[in-house]
$ cat upload19.cif   # mmCIF, C-alpha atoms
data_run
#
loop_
_atom_site.group_PDB
_atom_site.id
_atom_site.type_symbol
_atom_site.label_atom_id
_atom_site.label_comp_id
_atom_site.auth_asym_id
_atom_site.auth_seq_id
_atom_site.Cartn_x
_atom_site.Cartn_y
_atom_site.Cartn_z
ATOM 1 C CA MET A 239 97.684 64.021 103.053
ATOM 2 C CA ASP A 240 101.128 63.534 101.568
ATOM 3 C CA GLN A 241 103.035 66.425 100.033
ATOM 4 C CA ASP A 242 102.614 65.214 96.423
ATOM 5 C CA THR A 243 98.828 64.996 96.850
ATOM 6 C CA GLU A 244 98.721 68.420 98.463
ATOM 7 C CA PHE A 245 100.728 69.948 95.603
ATOM 8 C CA MET A 246 98.434 68.287 93.071
ATOM 9 C CA GLU A 247 95.380 69.679 94.867
ATOM 10 C CA MET A 248 96.940 73.152 94.867
ATOM 11 C CA PHE A 249 97.751 72.879 91.149
ATOM 12 C CA GLN A 250 94.161 71.889 90.364
ATOM 13 C CA GLN A 251 92.832 74.865 92.334
ATOM 14 C CA ILE A 252 95.017 77.216 90.296
ATOM 15 C CA ASP A 253 94.363 75.478 86.939
ATOM 16 C CA LYS A 254 90.875 76.879 86.414
ATOM 17 C CA GLU A 255 90.912 76.003 82.696
ATOM 18 C CA ASP A 256 91.836 72.396 83.563
ATOM 19 C CA ASP A 257 94.388 72.307 80.733
ATOM 20 C CA GLY A 258 97.389 71.111 82.744
ATOM 21 C CA ILE A 259 99.302 74.409 82.638
ATOM 22 C CA ILE A 260 99.171 77.506 84.809
ATOM 23 C CA TYR A 261 100.723 80.947 84.621
ATOM 24 C CA VAL A 262 103.501 81.727 87.055
ATOM 25 C CA ARG A 263 101.617 84.923 88.028
ATOM 26 C CA ASP A 264 98.670 82.747 89.113
ATOM 27 C CA VAL A 265 100.990 80.555 91.191
ATOM 28 C CA ILE A 266 102.434 83.601 92.946
ATOM 29 C CA PHE A 267 98.982 85.087 93.496
ATOM 30 C CA TYR A 268 97.679 81.805 94.941
ATOM 31 C CA LEU A 269 100.659 81.247 97.242
ATOM 32 C CA LYS A 270 100.592 84.810 98.536
ATOM 33 C CA ALA A 271 96.846 84.535 99.116
ATOM 34 C CA MET A 272 97.475 81.437 101.196
ATOM 35 C CA ASN A 273 100.230 83.055 103.233
ATOM 36 C CA ASP A 274 100.746 86.789 102.837
ATOM 37 C CA ASP A 275 102.803 87.036 106.024
ATOM 38 C CA MET A 276 106.042 85.793 104.530
ATOM 39 C CA GLU A 277 108.650 85.753 107.248
ATOM 40 C CA ASN A 278 110.941 83.375 105.371
ATOM 41 C CA LYS A 279 113.239 85.526 103.248
ATOM 42 C CA LYS A 280 114.577 82.592 101.220
ATOM 43 C CA ALA A 281 111.074 81.595 100.080
ATOM 44 C CA ASP A 282 110.289 85.248 99.385
ATOM 45 C CA LEU A 283 113.296 85.367 97.037
ATOM 46 C CA TYR A 284 111.693 82.630 94.939
ATOM 47 C CA PHE A 285 108.636 84.826 94.544
ATOM 48 C CA LEU A 286 110.775 87.755 93.416
ATOM 49 C CA GLU A 287 112.589 85.492 90.940
ATOM 50 C CA TYR A 288 109.333 84.107 89.554
ATOM 51 C CA GLU A 289 107.604 87.497 89.381
ATOM 52 C CA LYS A 290 110.089 88.405 86.643
ATOM 53 C CA ARG A 291 108.732 85.426 84.674
ATOM 54 C CA GLU A 292 105.032 85.946 85.450
ATOM 55 C CA ASP A 293 103.857 85.366 81.862
ATOM 56 C CA GLU A 294 105.524 81.954 81.689
ATOM 57 C CA VAL A 295 103.505 78.803 82.189
ATOM 58 C CA VAL A 296 104.390 75.738 84.224
ATOM 59 C CA ASN A 297 103.003 72.224 84.093
ATOM 60 C CA VAL A 298 102.219 70.080 87.114
ATOM 61 C CA THR A 299 105.722 68.552 87.252
ATOM 62 C CA GLN A 300 107.375 71.987 87.206
ATOM 63 C CA PHE A 301 104.882 73.244 89.796
ATOM 64 C CA LYS A 302 105.626 70.341 92.136
ATOM 65 C CA ALA A 303 109.386 70.939 91.775
ATOM 66 C CA LEU A 304 108.903 74.644 92.562
ATOM 67 C CA MET A 305 106.719 73.875 95.563
ATOM 68 C CA LYS A 306 109.217 71.313 96.852
ATOM 69 C CA LYS A 307 111.987 73.912 96.638
ATOM 70 C CA ILE A 308 109.912 76.612 98.336
ATOM 71 C CA THR A 309 108.616 74.370 101.140
ATOM 72 C CA ASP A 310 112.089 72.948 101.766
ATOM 73 C CA ASP A 311 113.168 76.534 102.382
ATOM 74 C CA GLY A 312 110.412 77.192 104.910
ATOM 75 C CA TYR A 313 107.291 78.292 103.030
ATOM 76 C CA THR A 314 104.095 77.144 104.713
ATOM 77 C CA LYS A 315 100.767 77.084 102.942
ATOM 78 C CA PHE A 316 98.867 78.959 105.610
ATOM 79 C CA SER A 317 100.114 81.755 107.780
ATOM 80 C CA THR A 318 99.536 81.315 111.445
ATOM 81 C CA LYS A 319 96.821 83.561 112.756
ATOM 82 C CA LYS A 320 98.191 86.084 115.206
ATOM 83 C CA GLU A 321 95.816 87.175 117.927
ATOM 84 C CA GLY A 322 94.469 90.649 117.302
ATOM 85 C CA THR A 323 95.782 90.769 113.741
ATOM 86 C CA LYS A 324 93.277 92.288 111.348
ATOM 87 C CA ILE A 325 92.830 90.792 107.900
ATOM 88 C CA LYS A 326 94.422 93.067 105.315
ATOM 89 C CA GLU A 327 92.364 94.497 102.448
ATOM 90 C CA ASN A 328 94.638 92.928 99.834
ATOM 91 C CA ASP A 329 94.314 89.566 101.585
ATOM 92 C CA ILE A 330 90.530 89.757 101.351
ATOM 93 C CA MET A 331 90.777 90.688 97.663
ATOM 94 C CA ALA A 332 93.147 87.773 97.047
ATOM 95 C CA ALA A 333 90.761 85.403 98.820
ATOM 96 C CA PHE A 334 87.831 86.760 96.785
ATOM 97 C CA LYS A 335 89.665 86.185 93.511
ATOM 98 C CA LEU A 336 90.669 82.711 94.620
ATOM 99 C CA VAL A 337 87.133 81.755 95.640
ATOM 100 C CA ASP A 338 85.522 83.340 92.539
ATOM 101 C CA ILE A 339 86.161 80.213 90.490
ATOM 102 C CA ASP A 340 84.089 81.231 87.449
ATOM 103 C CA LYS A 341 85.504 84.800 87.483
ATOM 104 C CA SER A 342 81.989 86.272 87.483
ATOM 105 C CA GLY A 343 82.822 88.902 90.086
ATOM 106 C CA GLU A 344 80.422 87.258 92.536
ATOM 107 C CA ILE A 345 80.706 84.321 94.908
ATOM 108 C CA SER A 346 77.888 81.796 94.561
ATOM 109 C CA LYS A 347 76.772 79.418 97.305
ATOM 110 C CA MET A 348 78.437 76.549 95.361
ATOM 111 C CA GLU A 349 81.750 78.434 95.116
ATOM 112 C CA LEU A 350 81.575 79.201 98.812
ATOM 113 C CA LYS A 351 80.989 75.530 99.654
ATOM 114 C CA MET A 352 83.920 74.513 97.453
ATOM 115 C CA ALA A 353 86.131 77.088 99.147
ATOM 116 C CA CYS A 354 85.287 76.129 102.743
ATOM 117 C CA LYS A 355 88.535 74.178 103.211
ATOM 118 C CA TYR A 356 90.632 77.206 102.247
ATOM 119 C CA LEU A 357 88.458 79.693 104.101
ATOM 120 C CA GLY A 358 88.321 77.452 107.165
ATOM 121 C CA LYS A 359 92.077 77.171 107.444
ATOM 122 C CA ARG A 360 92.474 80.857 106.789
ATOM 123 C CA TYR A 361 89.729 82.190 109.087
ATOM 124 C CA GLY A 362 89.074 79.377 111.564
ATOM 125 C CA ILE A 363 85.501 78.544 110.477
ATOM 126 C CA TYR A 364 85.409 75.112 108.884
ATOM 127 C CA ASP A 365 81.813 74.150 108.266
ATOM 128 C CA ALA A 366 79.877 75.199 105.177
ATOM 129 C CA LYS A 367 76.755 75.940 107.236
ATOM 130 C CA SER A 368 78.532 78.735 109.147
ATOM 131 C CA TRP A 369 79.839 80.274 105.925
ATOM 132 C CA ILE A 370 76.393 80.097 104.330
ATOM 133 C CA GLU A 371 74.926 81.855 107.385
ATOM 134 C CA LEU A 372 77.589 84.565 107.071
ATOM 135 C CA MET A 373 76.839 84.779 103.352
ATOM 136 C CA LYS A 374 73.132 85.340 104.051
ATOM 137 C CA LYS A 375 73.940 88.083 106.565
ATOM 138 C CA ALA A 376 76.344 89.814 104.170
ATOM 139 C CA ASP A 377 74.131 89.445 101.057
ATOM 140 C CA THR A 378 72.595 92.918 101.255
ATOM 141 C CA ASP A 379 70.997 92.823 97.802
ATOM 142 C CA HIS A 380 69.533 89.351 98.518
ATOM 143 C CA ASN A 381 70.551 87.855 95.158
ATOM 144 C CA GLY A 382 72.093 84.729 96.702
ATOM 145 C CA LYS A 383 75.621 85.764 95.667
ATOM 146 C CA LEU A 384 78.320 87.918 97.214
ATOM 147 C CA GLY A 385 79.948 90.784 95.377
ATOM 148 C CA TYR A 386 83.357 91.888 96.644
ATOM 149 C CA GLN A 387 82.036 94.270 99.338
ATOM 150 C CA GLU A 388 79.576 91.654 100.598
ATOM 151 C CA PHE A 389 82.321 89.007 100.616
ATOM 152 C CA LYS A 390 84.564 91.393 102.536
ATOM 153 C CA ASP A 391 81.776 91.927 105.085
ATOM 154 C CA ALA A 392 81.346 88.119 105.430
ATOM 155 C CA VAL A 393 85.086 87.634 105.969
ATOM 156 C CA LEU A 394 85.190 90.404 108.575
ATOM 157 C CA MET A 395 82.207 88.800 110.340
ATOM 158 C CA ALA A 396 84.067 85.455 110.197
ATOM 159 C CA GLN A 397 87.119 87.075 111.737
ATOM 160 C CA GLU A 398 85.000 88.606 114.483
ATOM 161 C CA LYS A 399 83.277 85.265 115.120
ATOM 162 C CA SER A 400 86.636 83.497 115.171
ATOM 163 C CA SER A 401 88.163 86.073 117.544
ATOM 164 C CA SER A 402 85.240 85.909 119.964
ATOM 165 C CA ALA A 403 85.486 82.086 120.052
ATOM 166 C CA GLU A 404 89.102 82.219 121.306
#

$ encode --input "upload19.cif" --output "structure tokens"
Amino acid sequence: MDQDTEFMEMFQQIDKEDDGIIYVRDVIFYLKAMNDDMENKKADLYFLEYEKREDEVVNVTQFKALMKKITDDGYTKFSTKKEGTKIKENDIMAAFKLVDIDKSGEISKMELKMACKYLGKRYGIYDAKSWIELMKKADTDHNGKLGYQEFKDAVLMAQEKSSSAE
């Protein structure tokens, strides 16, 4: 996938209203959810600069220009998984908000399937079937959806499964 296509895909994931504009705060939230282990200080400075303008909106062209600048300075979409590193609580919350496409406060099976690419890269489990199995195990109220705590349990099970596979 070329960089322009990847940026467009990222923009579409953030643009939940599908109106061609996104808030800067949503961009920052998305990028930090993808890689919360920012070791590149130059890219981190862009986040600090943009956090001051969080209520501004950007269109796809402005988003692509921002992403080009950030990636040229070393930002990578996904942090590399360090052996033995536990997933942080705020990372799980960020992933939950990202996956909760309809903002219902629960993750449906359809949302989980749509999020498998992100979750796979983040947690090392790529197939929807494995995530659905984890979802069933974590769905303690058996309503077919995951609230935050259930989602957190599924992610922690995914991390454990991923760690034991190494």

$ axis_aligned_box --input "upload19.cif" --around "range 301-313 of chain A" --padding-each-side "4 Å" --output "lines of an AutoDock Vina configuration file"
center_x = 109.0
center_y = 74.3
center_z = 97.4
size_x = 16.3
size_y = 16.0
size_z = 23.1

$ atom_distance --input "upload19.cif" --atom1 "CA of Ala333 in chain A" --atom2 "CA of Val295 in chain A"
22.0 Å

$ closest_residue --input "upload19.cif" --among "A:Asp311, A:Lys367, A:Asp242, A:Ser346" --to "Asn381 in chain A" --atoms "all atoms listed in the file"
A:Ser346

$ atom_distance --input "upload19.cif" --atom1 "CA of Glu294 in chain A" --atom2 "CA of Phe267 in chain A"
13.9 Å

$ residues_around --input "upload19.cif" --residues "Lys347 in chain A" --least-positions-apart "4" --cutoff "9 Å" --atoms "all atoms listed in the file" --output "NGL selection string"
:A and (351-352 or 370 or 373 or 382-384)

$ closest_residue --input "upload19.cif" --among "A:Val262, A:Met395, A:Thr243, A:Asp256" --to "Lys290 in chain A" --atoms "only C-alpha atoms"
A:Val262

$ atom_distance --input "upload19.cif" --atom1 "CA of Phe334 in chain A" --atom2 "CA of Asp240 in chain A"
27.2 Å

$ closest_residue --input "upload19.cif" --among "A:Asp310, A:Asp340, A:Glu371, A:Glu287" --to "Glu255 in chain A" --atoms "all atoms listed in the file"
A:Asp340

$ resolve_selection --input "upload19.cif" --expression "the PyMOL selection byres ((chain A and resi 249-253) around 9)" --output "MDAnalysis selection string"
chainID A and resid 244:248 254:261 264:265 268 297:298 301:302 336 339

$ residues_near_point --input "upload19.cif" --point "(89.1, 89.6, 100.1)" --cutoff "10 Å" --atoms "all atoms listed in the file" --output "VMD selection string"
chain A and resid 271 325 to 337 386 to 394

$ closest_residue --input "upload19.cif" --among "A:Leu286, A:Ala396, A:Ile266, A:Ala303" --to "Leu372 in chain A" --atoms "all atoms listed in the file"
A:Ala396

$ closest_residue --input "upload19.cif" --among "A:Ile345, A:Lys307, A:Arg263, A:Gln300" --to "Leu283 in chain A" --atoms "only C-alpha atoms"
A:Lys307

$ closest_residue --input "upload19.cif" --among "A:Ser342, A:Ser368, A:Gln397, A:Gln241" --to "Met305 in chain A" --atoms "only C-alpha atoms"
A:Gln241
